[in-house]
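Student: File input.cif below, mmCIF, C-alpha atoms:
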data_entry
loop_
_atom_site.group_PDB
_atom_site.id
_atom_site.type_symbol
_atom_site.label_atom_id
_atom_site.label_comp_id
_atom_site.auth_asym_id
_atom_site.auth_seq_id
_atom_site.Cartn_x
_atom_site.Cartn_y
_atom_site.Cartn_z
ATOM 1 C CA MET Q 1 0.000 0.000 0.000
ATOM 2 C CA GLY Q 2 2.975 2.291 0.465
ATOM 3 C CA ASN Q 3 3.395 5.267 2.757
ATOM 4 C CA LYS Q 4 1.436 7.782 0.656
ATOM 5 C CA THR Q 5 -2.018 6.316 1.384
ATOM 6 C CA ASN Q 6 -3.819 7.361 4.555
ATOM 7 C CA PRO Q 7 -4.999 4.130 6.256
ATOM 8 C CA THR Q 8 -8.131 5.831 7.594
ATOM 9 C CA SER Q 9 -9.378 7.424 4.356
ATOM 10 C CA MET Q 10 -8.607 4.143 2.564
ATOM 11 C CA ARG Q 11 -11.129 2.358 4.821
ATOM 12 C CA VAL Q 12 -13.946 4.922 4.879
ATOM 13 C CA GLY Q 13 -17.063 3.070 3.793
ATOM 14 C CA VAL Q 14 -15.452 -0.308 4.546
ATOM 15 C CA ASN Q 15 -14.979 -0.335 8.324
ATOM 16 C CA GLN Q 16 -14.391 3.356 9.123
ATOM 17 C CA ASN Q 17 -16.992 6.106 9.364
ATOM 18 C CA TRP Q 18 -16.757 9.796 8.405
ATOM 19 C CA LYS Q 19 -15.544 12.339 10.979
ATOM 20 C CA SER Q 20 -17.969 14.952 9.632
ATOM 21 C CA VAL Q 21 -21.566 14.016 8.816
ATOM 22 C CA TRP Q 22 -23.570 16.640 6.900
ATOM 23 C CA TYR Q 23 -24.863 17.624 3.471
ATOM 24 C CA SER Q 24 -24.621 20.978 1.684
ATOM 25 C CA SER Q 25 -25.076 22.548 -1.711
ATOM 26 C CA LYS Q 26 -22.094 22.935 -4.006
ATOM 27 C CA SER Q 27 -21.823 26.661 -3.269
ATOM 28 C CA ASP Q 28 -21.610 26.144 0.526
ATOM 29 C CA TYR Q 29 -19.428 23.043 0.598
ATOM 30 C CA ALA Q 30 -16.035 24.797 0.779
ATOM 31 C CA LYS Q 31 -17.256 27.200 3.464
ATOM 32 C CA MET Q 32 -18.561 24.372 5.681
ATOM 33 C CA MET Q 33 -15.439 22.283 5.173
ATOM 34 C CA HIS Q 34 -13.195 25.176 6.275
ATOM 35 C CA GLU Q 35 -15.537 25.712 9.228
ATOM 36 C CA ASP Q 36 -15.012 22.072 10.260
ATOM 37 C CA LEU Q 37 -11.235 22.514 10.055
ATOM 38 C CA MET Q 38 -11.500 25.658 12.196
ATOM 39 C CA ILE Q 39 -13.626 23.788 14.778
ATOM 40 C CA ASN Q 40 -11.005 21.029 14.976
ATOM 41 C CA GLU Q 41 -8.191 23.557 15.411
ATOM 42 C CA ILE Q 42 -9.996 25.497 18.171
ATOM 43 C CA ILE Q 43 -10.946 22.359 20.124
ATOM 44 C CA ARG Q 44 -7.530 20.683 19.905
ATOM 45 C CA LYS Q 45 -5.792 23.891 21.005
ATOM 46 C CA LYS Q 46 -8.174 24.721 23.868
ATOM 47 C CA LEU Q 47 -8.554 21.164 25.169
ATOM 48 C CA LYS Q 48 -4.948 20.025 24.753
ATOM 49 C CA PRO Q 49 -4.521 19.274 28.503
ATOM 50 C CA ALA Q 50 -7.534 16.906 28.329
ATOM 51 C CA GLY Q 51 -5.983 14.688 25.639
ATOM 52 C CA VAL Q 52 -8.310 14.967 22.620
ATOM 53 C CA ASP Q 53 -8.674 11.670 20.782
ATOM 54 C CA GLU Q 54 -11.434 12.210 18.234
ATOM 55 C CA ILE Q 55 -13.776 14.978 17.056
ATOM 56 C CA ARG Q 56 -16.987 14.161 15.171
ATOM 57 C CA ILE Q 57 -19.143 16.916 13.694
ATOM 58 C CA LYS Q 58 -22.808 16.303 12.865
ATOM 59 C CA ARG Q 59 -24.916 19.040 11.285
ATOM 60 C CA SER Q 60 -28.677 19.306 10.974
ATOM 61 C CA MET Q 61 -30.831 22.286 9.895
ATOM 62 C CA ASN Q 62 -29.664 24.936 12.407
ATOM 63 C CA LYS Q 63 -27.752 22.768 14.856
ATOM 64 C CA VAL Q 64 -24.137 21.626 15.044
ATOM 65 C CA LEU Q 65 -23.469 18.631 17.310
ATOM 66 C CA ILE Q 66 -19.784 18.194 18.150
ATOM 67 C CA GLU Q 67 -18.822 14.907 19.814
ATOM 68 C CA ILE Q 68 -15.420 15.256 21.489
ATOM 69 C CA THR Q 69 -13.720 12.111 22.793
ATOM 70 C CA VAL Q 70 -11.075 12.899 25.410
ATOM 71 C CA ALA Q 71 -8.868 10.998 27.844
ATOM 72 C CA ARG Q 72 -9.663 13.279 30.816
ATOM 73 C CA PRO Q 73 -13.269 14.561 30.586
ATOM 74 C CA GLY Q 74 -13.109 16.217 34.021
ATOM 75 C CA VAL Q 75 -10.551 18.714 32.693
ATOM 76 C CA VAL Q 76 -12.946 19.733 29.901
ATOM 77 C CA ILE Q 77 -16.123 19.972 31.968
ATOM 78 C CA GLY Q 78 -14.526 21.945 34.784
ATOM 79 C CA ARG Q 79 -16.105 22.940 38.086
ATOM 80 C CA GLY Q 80 -19.897 23.040 37.731
ATOM 81 C CA GLY Q 81 -19.655 22.687 33.946
ATOM 82 C CA ALA Q 82 -17.845 26.021 33.538
ATOM 83 C CA GLY Q 83 -15.282 24.579 31.144
ATOM 84 C CA ILE Q 84 -17.829 23.220 28.690
ATOM 85 C CA GLU Q 85 -19.761 26.508 28.772
ATOM 86 C CA ASP Q 86 -16.609 28.486 27.917
ATOM 87 C CA LEU Q 87 -15.943 26.159 24.976
ATOM 88 C CA LYS Q 88 -19.532 26.532 23.802
ATOM 89 C CA LYS Q 89 -19.334 30.350 23.900
ATOM 90 C CA GLU Q 90 -16.053 30.361 21.953
ATOM 91 C CA LEU Q 91 -17.466 28.085 19.248
ATOM 92 C CA LYS Q 92 -20.660 30.162 18.975
ATOM 93 C CA LYS Q 93 -18.578 33.201 18.045
ATOM 94 C CA LYS Q 94 -17.277 31.338 14.997
ATOM 95 C CA ILE Q 95 -20.322 29.251 13.968
ATOM 96 C CA LYS Q 96 -23.834 30.285 13.019
ATOM 97 C CA GLY Q 97 -26.685 28.355 14.591
ATOM 98 C CA ASP Q 98 -26.987 26.321 17.758
ATOM 99 C CA VAL Q 99 -23.745 24.634 18.887
ATOM 100 C CA GLU Q 100 -23.855 21.650 21.216
ATOM 101 C CA PRO Q 101 -20.526 20.141 22.335
ATOM 102 C CA LYS Q 102 -20.809 16.637 23.777
ATOM 103 C CA ILE Q 103 -17.933 15.205 25.832
ATOM 104 C CA LEU Q 104 -17.180 11.462 25.675
ATOM 105 C CA GLU Q 105 -14.461 9.510 27.479
ATOM 106 C CA VAL Q 106 -11.882 7.318 25.774
ATOM 107 C CA LYS Q 107 -12.332 3.689 26.816
ATOM 108 C CA LYS Q 108 -8.670 2.707 26.424
ATOM 109 C CA ASN Q 109 -5.929 5.331 26.209
ATOM 110 C CA ASP Q 110 -3.201 2.873 25.210
ATOM 111 C CA VAL Q 111 -4.962 1.760 21.998
ATOM 112 C CA SER Q 112 -5.646 5.244 20.575
ATOM 113 C CA ALA Q 113 -3.179 6.320 17.870
ATOM 114 C CA ASN Q 114 -4.016 10.006 18.454
ATOM 115 C CA LEU Q 115 -3.256 9.821 22.172
ATOM 116 C CA ILE Q 116 -0.068 7.821 21.606
ATOM 117 C CA ALA Q 117 1.161 10.443 19.102
ATOM 118 C CA GLU Q 118 0.144 13.219 21.516
ATOM 119 C CA ASN Q 119 2.057 11.608 24.401
ATOM 120 C CA ILE Q 120 5.191 11.150 22.306
ATOM 121 C CA GLY Q 121 4.935 14.731 21.024
ATOM 122 C CA ASN Q 122 4.688 16.116 24.565
ATOM 123 C CA GLN Q 123 7.773 14.135 25.579
ATOM 124 C CA LEU Q 124 9.766 15.301 22.542
ATOM 125 C CA GLU Q 125 8.911 18.916 23.389
ATOM 126 C CA ARG Q 126 10.459 18.277 26.822
ATOM 127 C CA ARG Q 127 13.587 17.016 25.000
ATOM 128 C CA ILE Q 128 13.155 13.371 26.008
ATOM 129 C CA VAL Q 129 15.031 10.984 23.697
ATOM 130 C CA PRO Q 130 12.623 9.707 20.955
ATOM 131 C CA LYS Q 131 13.719 6.107 21.440
ATOM 132 C CA TYR Q 132 12.704 6.077 25.110
ATOM 133 C CA ALA Q 133 9.391 7.819 24.417
ATOM 134 C CA ALA Q 134 8.435 5.503 21.554
ATOM 135 C CA GLU Q 135 9.501 2.272 23.260
ATOM 136 C CA ARG Q 136 7.483 3.197 26.361
ATOM 137 C CA GLU Q 137 4.337 3.734 24.265
ATOM 138 C CA VAL Q 138 4.906 0.486 22.334
ATOM 139 C CA GLU Q 139 5.206 -1.406 25.615
ATOM 140 C CA ASN Q 140 2.000 0.178 26.972
ATOM 141 C CA ALA Q 141 0.072 -0.710 23.800
ATOM 142 C CA ARG Q 142 1.519 -4.214 23.850
ATOM 143 C CA SER Q 143 0.189 -4.851 27.340
ATOM 144 C CA ALA Q 144 -3.291 -3.501 26.443
ATOM 145 C CA SER Q 145 -5.988 -5.986 25.471
ATOM 146 C CA GLY Q 146 -7.231 -5.973 21.883
ATOM 147 C CA VAL Q 147 -4.017 -4.662 20.301
ATOM 148 C CA LYS Q 148 -2.363 -6.961 17.763
ATOM 149 C CA GLY Q 149 0.266 -4.583 16.483
ATOM 150 C CA VAL Q 150 1.665 -1.066 16.822
ATOM 151 C CA LYS Q 151 4.104 0.874 14.665
ATOM 152 C CA ILE Q 152 5.678 4.281 15.400
ATOM 153 C CA TRP Q 153 7.824 6.413 13.098
ATOM 154 C CA ILE Q 154 9.604 9.553 14.312
ATOM 155 C CA SER Q 155 11.223 11.709 11.618
ATOM 156 C CA GLY Q 156 13.379 14.822 11.756
ATOM 157 C CA ARG Q 157 16.661 15.981 13.207
ATOM 158 C CA ILE Q 158 16.747 13.364 15.960
ATOM 159 C CA LYS Q 159 18.824 14.546 18.949
ATOM 160 C CA GLY Q 160 19.646 17.738 17.033
ATOM 161 C CA ALA Q 161 21.587 15.953 14.269
ATOM 162 C CA GLU Q 162 22.442 17.946 11.137
ATOM 163 C CA ILE Q 163 20.868 15.371 8.804
ATOM 164 C CA ALA Q 164 17.248 14.323 9.303
ATOM 165 C CA ARG Q 165 16.419 10.641 9.601
ATOM 166 C CA THR Q 166 13.536 8.360 10.558
ATOM 167 C CA GLU Q 167 13.562 6.071 13.589
ATOM 168 C CA LYS Q 168 11.099 3.168 13.398
ATOM 169 C CA PHE Q 169 9.620 1.073 16.204
ATOM 170 C CA GLN Q 170 7.211 -1.819 15.757
ATOM 171 C CA TRP Q 171 5.620 -4.696 17.588
ATOM 172 C CA GLY Q 172 3.211 -7.227 16.040
ATOM 173 C CA ARG Q 173 1.527 -7.003 12.623
ATOM 174 C CA ILE Q 174 0.294 -3.917 10.752
ATOM 175 C CA PRO Q 175 -1.547 -5.304 7.658
ATOM 176 C CA LEU Q 176 -1.997 -2.045 5.707
ATOM 177 C CA GLN Q 177 -3.083 -3.861 2.533
ATOM 178 C CA THR Q 178 -5.977 -5.662 4.269
ATOM 179 C CA LEU Q 179 -9.026 -3.399 4.044
ATOM 180 C CA ARG Q 180 -10.980 -5.299 6.698
ATOM 181 C CA ALA Q 181 -8.153 -4.646 9.193
ATOM 182 C CA ASP Q 182 -9.146 -2.160 11.901
ATOM 183 C CA ILE Q 183 -6.149 0.192 11.854
ATOM 184 C CA ASP Q 184 -6.103 3.421 13.846
ATOM 185 C CA TYR Q 185 -3.713 5.984 12.339
ATOM 186 C CA SER Q 186 -2.475 9.375 13.489
ATOM 187 C CA TYR Q 187 0.077 11.961 12.382
ATOM 188 C CA LYS Q 188 1.409 14.830 14.467
ATOM 189 C CA SER Q 189 4.247 17.326 14.091
ATOM 190 C CA VAL Q 190 5.928 19.060 17.038
ATOM 191 C CA GLN Q 191 8.535 21.783 17.470
ATOM 192 C CA VAL Q 192 11.479 20.337 19.373
ATOM 193 C CA PRO Q 193 13.922 22.775 21.072
ATOM 194 C CA ASN Q 194 17.215 23.028 19.131
ATOM 195 C CA ALA Q 195 16.092 20.301 16.715
ATOM 196 C CA GLY Q 196 13.404 21.886 14.528
ATOM 197 C CA LYS Q 197 10.147 20.200 13.610
ATOM 198 C CA GLN Q 198 9.754 16.452 14.017
ATOM 199 C CA GLY Q 199 6.937 14.310 12.644
ATOM 200 C CA ILE Q 200 5.296 11.406 14.457
ATOM 201 C CA LYS Q 201 3.279 8.683 12.725
ATOM 202 C CA VAL Q 202 1.434 5.996 14.685
ATOM 203 C CA TRP Q 203 -0.413 2.905 13.445
ATOM 204 C CA VAL Q 204 -2.375 0.649 15.836
ATOM 205 C CA TYR Q 205 -3.833 -2.657 14.591
ATOM 206 C CA LYS Q 206 -6.854 -3.856 16.579
ATOM 207 C CA GLY Q 207 -7.857 -6.951 14.617
ATOM 208 C CA ASP Q 208 -10.284 -7.309 11.726
ATOM 209 C CA LYS Q 209 -13.617 -5.509 11.408
ATOM 210 C CA ASN Q 210 -15.960 -6.178 8.495
ATOM 211 C CA GLU Q 211 -18.730 -3.644 9.096
ATOM 212 C CA ILE Q 212 -19.046 0.041 9.999
ATOM 213 C CA GLU Q 213 -20.631 0.863 13.333
ATOM 214 C CA TYR Q 214 -23.044 3.665 12.429
ATOM 215 C CA ASP Q 215 -24.403 5.991 15.096
ATOM 216 C CA GLU Q 216 -28.152 6.034 15.441
#
Translate this structure into C-alpha cells?

Tutor:
Amino acid sequence: MGNKTNPTSMRVGVNQNWKSVWYSSKSDYAKMMHEDLMINEIIRKKLKPAGVDEIRIKRSMNKVLIEITVARPGVVIGRGGAGIEDLKKELKKKIKGDVEPKILEVKKNDVSANLIAENIGNQLERRIVPKYAAEREVENARSASGVKGVKIWISGRIKGAEIARTEKFQWGRIPLQTLRADIDYSYKSVQVPNAGKQGIKVWVYKGDKNEIEYDE
C-alpha cells in the first residue's frame, strides 16, 4: 500500500466512518469544510490538557453537534460545567446556529493512535530521547488488550543531528493492505527545542472488522 495512502481514508465506507456528517449545496461546501477545520483547530488547542482523541461533527438544519472524545473529561467539563460553557461560547462566536458540544471519554488510552502520538509529542517537546518515548508507548500498547500490532515512526533531526532521519519502532503485525483490518492511524508534528520540527506517525492494529458501526 505504500506510505502515501492514509490508512483511515482508505477504509472509509469499509470499516471506518466519516468524521464529519452533513450535506450541503455545491456553493456552501467549501465554506462548511473550512468551518469544520476551524472547529477542529480550536478544540484541539483549547482542550490540549484533556488529551483529545477524536472529534466528530454532525450538522442538521440549524444545529451543530460536536462529539469530542477525550482521555480526561473532568478537565474539559470543569467545576460546575464552567469549562464546557466556555468552549460553547467560543465556538458560537465562529459558527452560526446552535452549537452543542458533547464530551465522551476514551475507553482505552493505550490503543488510541491520536493519544499515543500526543504523548510522544509532549515528551519530545520536553527534550526526552525519541527512542525512550516511543519504546514506552509500544510497551504500553503491547500490554493492552485488543491490540495486535503497533508501529511508530519519528522523523526529523533526531537529537539535534544535522541530517534528518527516521527512527522506526514496531511490535506485532500492521496489515496495511488488508481493508478489513481495523487500523487506527495518526500523524502529528511538534517543534522540538534546538532540533526543529519532528513528525510522528502511529499505526495501531486492533484486529479485523468487516462492518461500519453507524451511530443512530

Student: Determine the residue membership of the PyMOL selection byres ((chain Q and resi 71) around 10) for the file above and supply it as a list in words.

Tutor: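 When the PyMOL selection byres ((chain Q and resi 71) around 10) is applied, the selected residues are Pro49, Ala50, Gly51, Val52, Asp53, Thr69, Val70, Arg72, Pro73, Gly74, Val75, Val76, Leu104, Glu105, Val106, Lys107, Lys108, Asn109, Ser112 and Leu115 of chain Q.
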
Student: Quick one: residues within 10 Å of Gly207 of chain Q, all atoms listed in the file counted, chain neighbours fewer than 5 positions away excluded, as a PyMOL selection string?

Tutor: chain Q and resi 146-149+173-175+180-183

Student: Out of Q:Glu85, Q:Ala195, Q:Thr178, Q:Asp98, which residue has the shortest atom-to-atom distance to Pro130 of chain Q when counting all atoms listed in the file?

Tutor: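 Checking each candidate against Pro130 of chain Q, we get Q:Ala195 as the closest.
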
Student: Could you list the residues chosen by the PyMOL selection byres ((chain Q and resi 99) around 8) in this structure as a list in words?

Tutor: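 The output of the PyMOL selection byres ((chain Q and resi 99) around 8) on this file is Lys63, Val64, Leu65, Ile66, Lys88, Leu91, Lys92, Ile95, Gly97, Asp98, Glu100 and Pro101 of chain Q.
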
Student: Include C-alpha atoms and write out the residues we just selected as a PDB file, in the frame of the given file.

Tutor:
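And here is the file that came out, again.pdb:
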ATOM      1  CA  LYS Q  63     -27.752  22.768  14.856  1.00  0.00           C
ATOM      2  CA  VAL Q  64     -24.137  21.626  15.044  1.00  0.00           C
ATOM      3  CA  LEU Q  65     -23.469  18.631  17.310  1.00  0.00           C
ATOM      4  CA  ILE Q  66     -19.784  18.194  18.150  1.00  0.00           C
ATOM      5  CA  LYS Q  88     -19.532  26.532  23.802  1.00  0.00           C
ATOM      6  CA  LEU Q  91     -17.466  28.085  19.248  1.00  0.00           C
ATOM      7  CA  LYS Q  92     -20.660  30.162  18.975  1.00  0.00           C
ATOM      8  CA  ILE Q  95     -20.322  29.251  13.968  1.00  0.00           C
ATOM      9  CA  GLY Q  97     -26.685  28.355  14.591  1.00  0.00           C
ATOM     10  CA  ASP Q  98     -26.987  26.321  17.758  1.00  0.00           C
ATOM     11  CA  GLU Q 100     -23.855  21.650  21.216  1.00  0.00           C
ATOM     12  CA  PRO Q 101     -20.526  20.141  22.335  1.00  0.00           C
TER      13      PRO Q 101
END

Student: Of the residues Q:Ile158, Q:Ala30, Q:Val190, Q:Ile43, which is the one nearest to Ala117 of chain Q, using all atoms listed in the file?

Tutor: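 With all atoms listed in the file as the atom set, the closest residue is Q:Val190.
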
Student: Quote the spacing between atom CA of Lys89 of chain Q and atom CA of Lys48 of chain Q in Å to one decimal place.

Tutor: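 Here the two named atoms are 17.7 Å from each other.
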
Student: Here's the selection I'm unsure about, the PyMOL selection byres ((chain Q and resi 36) around 12); applied to the file above, which residues does it give, as number ranges by chain?

Tutor: Q: 19-22, 29-35, 37-43, 55-59, 64-66, 91, 94-95

Student: Atom CA of Ile84 of chain Q to atom CA of Asp110 of chain Q: how many Å, to one decimal?

Tutor: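 According to the coordinates, atom CA of Ile84 of chain Q and atom CA of Asp110 of chain Q are separated by 25.3 Å.
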
Student: Rounded to one decimal in Å, what is the spacing between atom CA of Val150 of chain Q and atom CA of Gly196 of chain Q?

Tutor: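 Atom-to-atom, atom CA of Val150 of chain Q to atom CA of Gly196 of chain Q, that is 25.9 Å.
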